[in-house]
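Worksheet: one structure, shown below.
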Amino acid sequence: MTGWHLDQESLRRYSQGVASPVLAASAEAHLVKCAACRDVISSYVDARRVEAIWREVVDRVDAPRRTWPERMLARLGVGEATARLVAATPTLRGPWLLAVAGVLALAAWAAQADERFLQMFLVVAPLGPLAGVAVAFAGGLDPTREIGLAAPYSGLRLLLIRTAAVLAVTVPIVAAAGLALPGSKWLAAAWLLPTAGLICTALALTSRMTPVVAVGVVAGAWVLVTAPATVAGHLGVAFGIGAQFFWLAGAIGGGAWLAVTRNTITIRLGRSA
Amino acid sequence: MTTVSVHGATKSFGRTRALDSVDLDADPGVTGLLGPNGAGKTTLLRMIATVLVPDQGTVSLLGRDPARPADRTGIRRRLGYLPQDAGFHRGFTVFEFVDYVAILKEMTDRRTRHDEVRRVIALTGLESVSAKRIRALSGGMRRRVGLAQALLGDPDLLVLDEPTVGLDPEQRLRFREMISQAGEGRTVVLSSHQTEDITALCGRIAVIHQGRARFVGTPAELTEQAAGRVWTDTQRSPDALTAWRTGDGVYRNVGDPPAGVELIPPTLEDAYLLLMSEPELEVTR
C-alpha cells in the first residue's frame, strides 16, 4: 500500500463511468490494492448499477451455451427463445436425418439402375418432410411432450416453428437426392409443390387430429393415389402442370385457413390435448 | 372460489373406463390422490393439468373452464405440472432444461427468464448441479428438476403426479419438505400410492380405486373409518380382511374383529387397506 490515494473528484468520475481511459486504468490498478479507497468509493457507487452489472456477470457465467444451430439461427435474425425451441425439435437429431438421407440415397441409386424407380422417387420424396413433421410431435420421441401440453405456449406457433425447422433441413436433403437422378431435371423440383400442399393440408388437419395422425392420413392418401398412377406411367396425374396448380392451391388454402382461424382453433399437439 | 372443481368426470380409453363419474374439489393447501397403480389417479391429474378432456362431466380450474381455448391458456399461465413420466432432452443441462420449459411458459425476456430459472433451481436445491447434464443425474435429482420446472412462474395451481416415486427415504423426506413449502398459499394436487406421503403432506385426500372416488375427506376422517376394526393377535385371524405379521412377531389384523380381542388405534394405512378390501364401501364427505 502507498501513501498516495485517489482524490474525491477522481473517485467520483471513476464511479460514474466518466473517467478518461488513463484515469480509469490507474484508478482500477490502485483500487485493487487499496482498501481505504475501496471504502471511500463505495459511497459513490450507485447500488442499482452494481446490481445490474452483477446480474449481467452471473447471466454470462451460467446462462445456457448456445448450440451451433441456435447460433446459426441467431445470425439469421431468429429470436433466442425461438431458436431454443427449434433446437429441441426431435426430428432435427442426427440419426433421424441420416435415416431420411439414407432412404432417399437408396431411392436415387435405384433410379440410376432402373427407370421405373425414377418415377417412384417422386412418390417417395414428399414422404421425407411429412414424416419429419410427424416425428417432431411423436410422443415417444419428444420427452417433454406432456409438460409442453400443459404449458401456455401457442400450439399453432410451436407447430409452425417445428414444421419450418423440419422443412429447412429435410427439403435440401430431398433436393440433393433429386439432383442425383438421371434424366430431366424437372424431376428434381416436381415434388416441391406437392410436398407444400400435403404439409399445409396436414397442418390444417391438426385442429381435428394429432400431427402424427394428420400426416398419416395425408401420406396414406398421397401414396394410394400417386403410386398406382405412377406405376401405370401417368405421371401427369400427380406431377403435371394441372396437378402443380392443384398442390399450389392446396398449400395456399391450408395456410390461409390456419391464418384465419389461428385465434379460435385448438391445435391437437398430442393424443389427449 | 374453489381452485379445482371436478364433477362427474368420466373418461374411457377404448373399452377401459379409466374414470367413472368422479367428483373432487381442492382449495389452497395440499390435496392427495391415493390409490393403487392403474386406479385412475393419473387420468384425473391430467384433467386437472388441462392435458386431458373428460368424456362426460365438468372441470373448473381457477374459476375458468379448460374446455374453452382462451380460458385454457389462462389456466396454463397459472399452472405447474410434474407428469408421472417427466422426460428430459438428453443433451440438456439442468439450467438449459428448466430454461426451455420457461420459454414454453411464455417467458420470452431472456434476463427475466434466467432470473426465474435461477430462483426455482435454488428453491429445489439444485444450484450445485445446475450446469450438469440431466442424463448424469440420479433419479432423485431428476425428480427435483421436474419439480423445479413445475414451480416456474410461481403458479397458483401445482399438479404433481407421483412426485416421490423412486426416491430413497432421505430424498422422499426432502421432497416432502419442498412440496409442503410449495403448498403454502397455493393449491397443490398430488398423487401417491404411499400412505406415509399422504399422511405427512395432505390436508385432504381422495382415495381412487378402479376409476371411482371411494373416499373424499381429511386423513383423520379416513383413519376414523377403521376405528374398532384393527386388532393384534398371536395369529392371523380368519375374520380379518387383511393381516400381516409385524416386526415384533404379532399379527396386525384389519377387518371385523371377533369378540374379546384387543382393539388398537388404526392408522391411515389400516383404513386405506380396509377401503381397498371392501370395494362396496364408499364415503364422500
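Ordering of the C-alpha cells sets the chain letters (A, B, ...); residue numbers start at 1 within each chain; ligands are numbered from 1 in the order shown.
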
Residues of chain B near chain A: apply a cut-off of 6 Å, count only C-alpha atoms, and supply the list as a PyMOL selection string.
-> chain B and resi 51-52+73+76-77+87-88+96+104-106

Write out as a PyMOL selection string each polymer residue whose atoms come within 12 Å of stretch 29-41 of chain A, counting only C-alpha atoms; drop sequence neighbours fewer than 3 positions from it.
-> chain A and resi 1-16+22-26+44-47

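Between B:Gln194 and the candidates B:Ala243, B:Ala226, B:Leu19, B:Leu273, the tightest atom-to-atom separation, counting only C-alpha atoms, involves B:Leu273.
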
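The interatomic distance for the pair atom CA of A:Ala87 and atom CA of A:Ala196 works out to 22.6 Å.
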
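For the pair atom CA of B:Ala220 and atom CA of B:Cys202, the separation is 10.6 Å.
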
Just list the residues in stretch 42-192 of chain B DSSP gives strand (DSSP E or B) on the backbone, as an MDAnalysis selection string.
-> chainID B and resid 56:61 64 79:82 93 133 157:160 187:192

Residue subset to file, keeping N, CA and C atoms, as a PDB file, in the first residue's frame:
```pdb
ATOM      1  N   GLN B  56     -67.323 -37.103 -20.193  1.00  0.00           N
ATOM      2  CA  GLN B  56     -68.527 -36.538 -19.560  1.00  0.00           C
ATOM      3  C   GLN B  56     -68.096 -35.832 -18.287  1.00  0.00           C
ATOM      4  N   GLY B  57     -68.969 -34.941 -17.808  1.00  0.00           N
ATOM      5  CA  GLY B  57     -68.667 -34.226 -16.571  1.00  0.00           C
ATOM      6  C   GLY B  57     -68.033 -32.881 -16.832  1.00  0.00           C
ATOM      7  N   THR B  58     -67.823 -32.118 -15.759  1.00  0.00           N
ATOM      8  CA  THR B  58     -67.266 -30.777 -15.907  1.00  0.00           C
ATOM      9  C   THR B  58     -66.016 -30.611 -15.053  1.00  0.00           C
ATOM     10  N   VAL B  59     -65.114 -29.779 -15.533  1.00  0.00           N
ATOM     11  CA  VAL B  59     -63.897 -29.432 -14.773  1.00  0.00           C
ATOM     12  C   VAL B  59     -63.792 -27.914 -14.762  1.00  0.00           C
ATOM     13  N   SER B  60     -63.618 -27.339 -13.578  1.00  0.00           N
ATOM     14  CA  SER B  60     -63.373 -25.903 -13.463  1.00  0.00           C
ATOM     15  C   SER B  60     -62.069 -25.708 -12.707  1.00  0.00           C
ATOM     16  N   LEU B  61     -61.156 -24.920 -13.283  1.00  0.00           N
ATOM     17  CA  LEU B  61     -59.845 -24.705 -12.669  1.00  0.00           C
ATOM     18  C   LEU B  61     -59.597 -23.211 -12.524  1.00  0.00           C
ATOM     19  N   ARG B  64     -62.039 -21.005 -14.111  1.00  0.00           N
ATOM     20  CA  ARG B  64     -62.169 -20.985 -15.572  1.00  0.00           C
ATOM     21  C   ARG B  64     -62.497 -22.375 -16.101  1.00  0.00           C
ATOM     22  N   LEU B  79     -50.409 -22.463 -13.953  1.00  0.00           N
ATOM     23  CA  LEU B  79     -50.355 -23.887 -13.624  1.00  0.00           C
ATOM     24  C   LEU B  79     -48.927 -24.417 -13.682  1.00  0.00           C
ATOM     25  N   GLY B  80     -48.566 -25.286 -12.726  1.00  0.00           N
ATOM     26  CA  GLY B  80     -47.305 -26.016 -12.796  1.00  0.00           C
ATOM     27  C   GLY B  80     -47.621 -27.495 -12.785  1.00  0.00           C
ATOM     28  N   TYR B  81     -46.950 -28.267 -13.633  1.00  0.00           N
ATOM     29  CA  TYR B  81     -47.326 -29.679 -13.785  1.00  0.00           C
ATOM     30  C   TYR B  81     -46.086 -30.555 -13.831  1.00  0.00           C
ATOM     31  N   LEU B  82     -46.044 -31.539 -12.954  1.00  0.00           N
ATOM     32  CA  LEU B  82     -44.993 -32.564 -12.994  1.00  0.00           C
ATOM     33  C   LEU B  82     -45.642 -33.880 -13.399  1.00  0.00           C
ATOM     34  N   THR B  93     -28.516 -29.473 -20.033  1.00  0.00           N
ATOM     35  CA  THR B  93     -28.133 -29.367 -18.631  1.00  0.00           C
ATOM     36  C   THR B  93     -29.394 -29.016 -17.837  1.00  0.00           C
ATOM     37  N   ARG B 133     -25.303 -32.110 -17.059  1.00  0.00           N
ATOM     38  CA  ARG B 133     -26.294 -32.693 -17.961  1.00  0.00           C
ATOM     39  C   ARG B 133     -27.242 -33.578 -17.154  1.00  0.00           C
ATOM     40  N   LEU B 157     -51.656 -23.078  -9.074  1.00  0.00           N
ATOM     41  CA  LEU B 157     -52.089 -24.486  -9.012  1.00  0.00           C
ATOM     42  C   LEU B 157     -50.922 -25.374  -9.432  1.00  0.00           C
ATOM     43  N   LEU B 158     -50.589 -26.308  -8.541  1.00  0.00           N
ATOM     44  CA  LEU B 158     -49.463 -27.199  -8.795  1.00  0.00           C
ATOM     45  C   LEU B 158     -49.991 -28.638  -8.847  1.00  0.00           C
ATOM     46  N   VAL B 159     -49.747 -29.326  -9.958  1.00  0.00           N
ATOM     47  CA  VAL B 159     -50.235 -30.694 -10.139  1.00  0.00           C
ATOM     48  C   VAL B 159     -49.027 -31.618 -10.212  1.00  0.00           C
ATOM     49  N   LEU B 160     -48.899 -32.524  -9.244  1.00  0.00           N
ATOM     50  CA  LEU B 160     -47.713 -33.382  -9.164  1.00  0.00           C
ATOM     51  C   LEU B 160     -48.131 -34.845  -9.186  1.00  0.00           C
ATOM     52  N   THR B 187     -52.603 -23.999  -4.293  1.00  0.00           N
ATOM     53  CA  THR B 187     -53.271 -25.298  -4.313  1.00  0.00           C
ATOM     54  C   THR B 187     -52.352 -26.332  -4.951  1.00  0.00           C
ATOM     55  N   VAL B 188     -52.080 -27.390  -4.205  1.00  0.00           N
ATOM     56  CA  VAL B 188     -51.266 -28.483  -4.735  1.00  0.00           C
ATOM     57  C   VAL B 188     -52.143 -29.740  -4.776  1.00  0.00           C
ATOM     58  N   VAL B 189     -52.198 -30.380  -5.923  1.00  0.00           N
ATOM     59  CA  VAL B 189     -52.879 -31.674  -6.029  1.00  0.00           C
ATOM     60  C   VAL B 189     -51.834 -32.685  -6.451  1.00  0.00           C
ATOM     61  N   LEU B 190     -51.645 -33.714  -5.638  1.00  0.00           N
ATOM     62  CA  LEU B 190     -50.617 -34.708  -5.967  1.00  0.00           C
ATOM     63  C   LEU B 190     -51.196 -36.106  -5.852  1.00  0.00           C
ATOM     64  N   SER B 191     -50.518 -37.053  -6.464  1.00  0.00           N
ATOM     65  CA  SER B 191     -50.949 -38.440  -6.341  1.00  0.00           C
ATOM     66  C   SER B 191     -49.830 -39.249  -5.717  1.00  0.00           C
ATOM     67  N   SER B 192     -50.224 -40.329  -5.067  1.00  0.00           N
ATOM     68  CA  SER B 192     -49.234 -41.206  -4.471  1.00  0.00           C
ATOM     69  C   SER B 192     -49.899 -42.540  -4.162  1.00  0.00           C
TER      70      SER B 192
END
```

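Across A:Leu127, A:Ala177, A:Val231, A:Val223, the tightest approach to A:Ile199 is made by A:Leu127 when counting only C-alpha atoms.
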
Neighbour list for B:Leu173 as a ChimeraX atom specification, cut-off 10 Å, only C-alpha atoms, skip fewer than 4 positions in-chain = /B:164,167-169,177-179,197,200

Would you export the selected residues with N, CA, C and O atoms as an mmCIF file, in the first residue's frame, please?
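As written to disk, out-v8.cif reads:
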```
data_model
loop_
_atom_site.group_PDB
_atom_site.id
_atom_site.type_symbol
_atom_site.label_atom_id
_atom_site.label_comp_id
_atom_site.auth_asym_id
_atom_site.auth_seq_id
_atom_site.Cartn_x
_atom_site.Cartn_y
_atom_site.Cartn_z
ATOM 1 N N THR B 164 -42.952 -38.563 -5.446
ATOM 2 C CA THR B 164 -41.910 -39.214 -4.626
ATOM 3 C C THR B 164 -41.578 -40.620 -5.102
ATOM 4 O O THR B 164 -40.806 -41.312 -4.453
ATOM 5 N N LEU B 167 -37.852 -42.569 -5.109
ATOM 6 C CA LEU B 167 -36.887 -41.852 -4.275
ATOM 7 C C LEU B 167 -36.536 -42.681 -3.034
ATOM 8 O O LEU B 167 -37.376 -43.428 -2.526
ATOM 9 N N ASP B 168 -35.296 -42.543 -2.563
ATOM 10 C CA ASP B 168 -34.935 -43.241 -1.330
ATOM 11 C C ASP B 168 -35.511 -42.450 -0.143
ATOM 12 O O ASP B 168 -35.973 -41.314 -0.308
ATOM 13 N N PRO B 169 -35.522 -43.056 1.062
ATOM 14 C CA PRO B 169 -36.204 -42.409 2.195
ATOM 15 C C PRO B 169 -35.731 -40.977 2.469
ATOM 16 O O PRO B 169 -36.548 -40.091 2.748
ATOM 17 N N GLU B 177 -40.638 -31.973 2.220
ATOM 18 C CA GLU B 177 -40.404 -30.626 2.749
ATOM 19 C C GLU B 177 -40.640 -29.585 1.652
ATOM 20 O O GLU B 177 -41.309 -28.570 1.868
ATOM 21 N N MET B 178 -40.117 -29.869 0.452
ATOM 22 C CA MET B 178 -40.269 -28.913 -0.654
ATOM 23 C C MET B 178 -41.739 -28.775 -1.056
ATOM 24 O O MET B 178 -42.227 -27.679 -1.302
ATOM 25 N N ILE B 179 -42.448 -29.911 -1.107
ATOM 26 C CA ILE B 179 -43.862 -29.861 -1.506
ATOM 27 C C ILE B 179 -44.677 -29.144 -0.441
ATOM 28 O O ILE B 179 -45.574 -28.351 -0.753
ATOM 29 N N ASP B 197 -46.646 -40.659 2.624
ATOM 30 C CA ASP B 197 -46.553 -39.345 1.978
ATOM 31 C C ASP B 197 -47.842 -38.569 2.171
ATOM 32 O O ASP B 197 -47.833 -37.376 2.473
ATOM 33 N N ALA B 200 -48.234 -37.359 5.715
ATOM 34 C CA ALA B 200 -47.294 -36.287 6.058
ATOM 35 C C ALA B 200 -47.662 -34.957 5.401
ATOM 36 O O ALA B 200 -47.372 -33.893 5.937
#
```
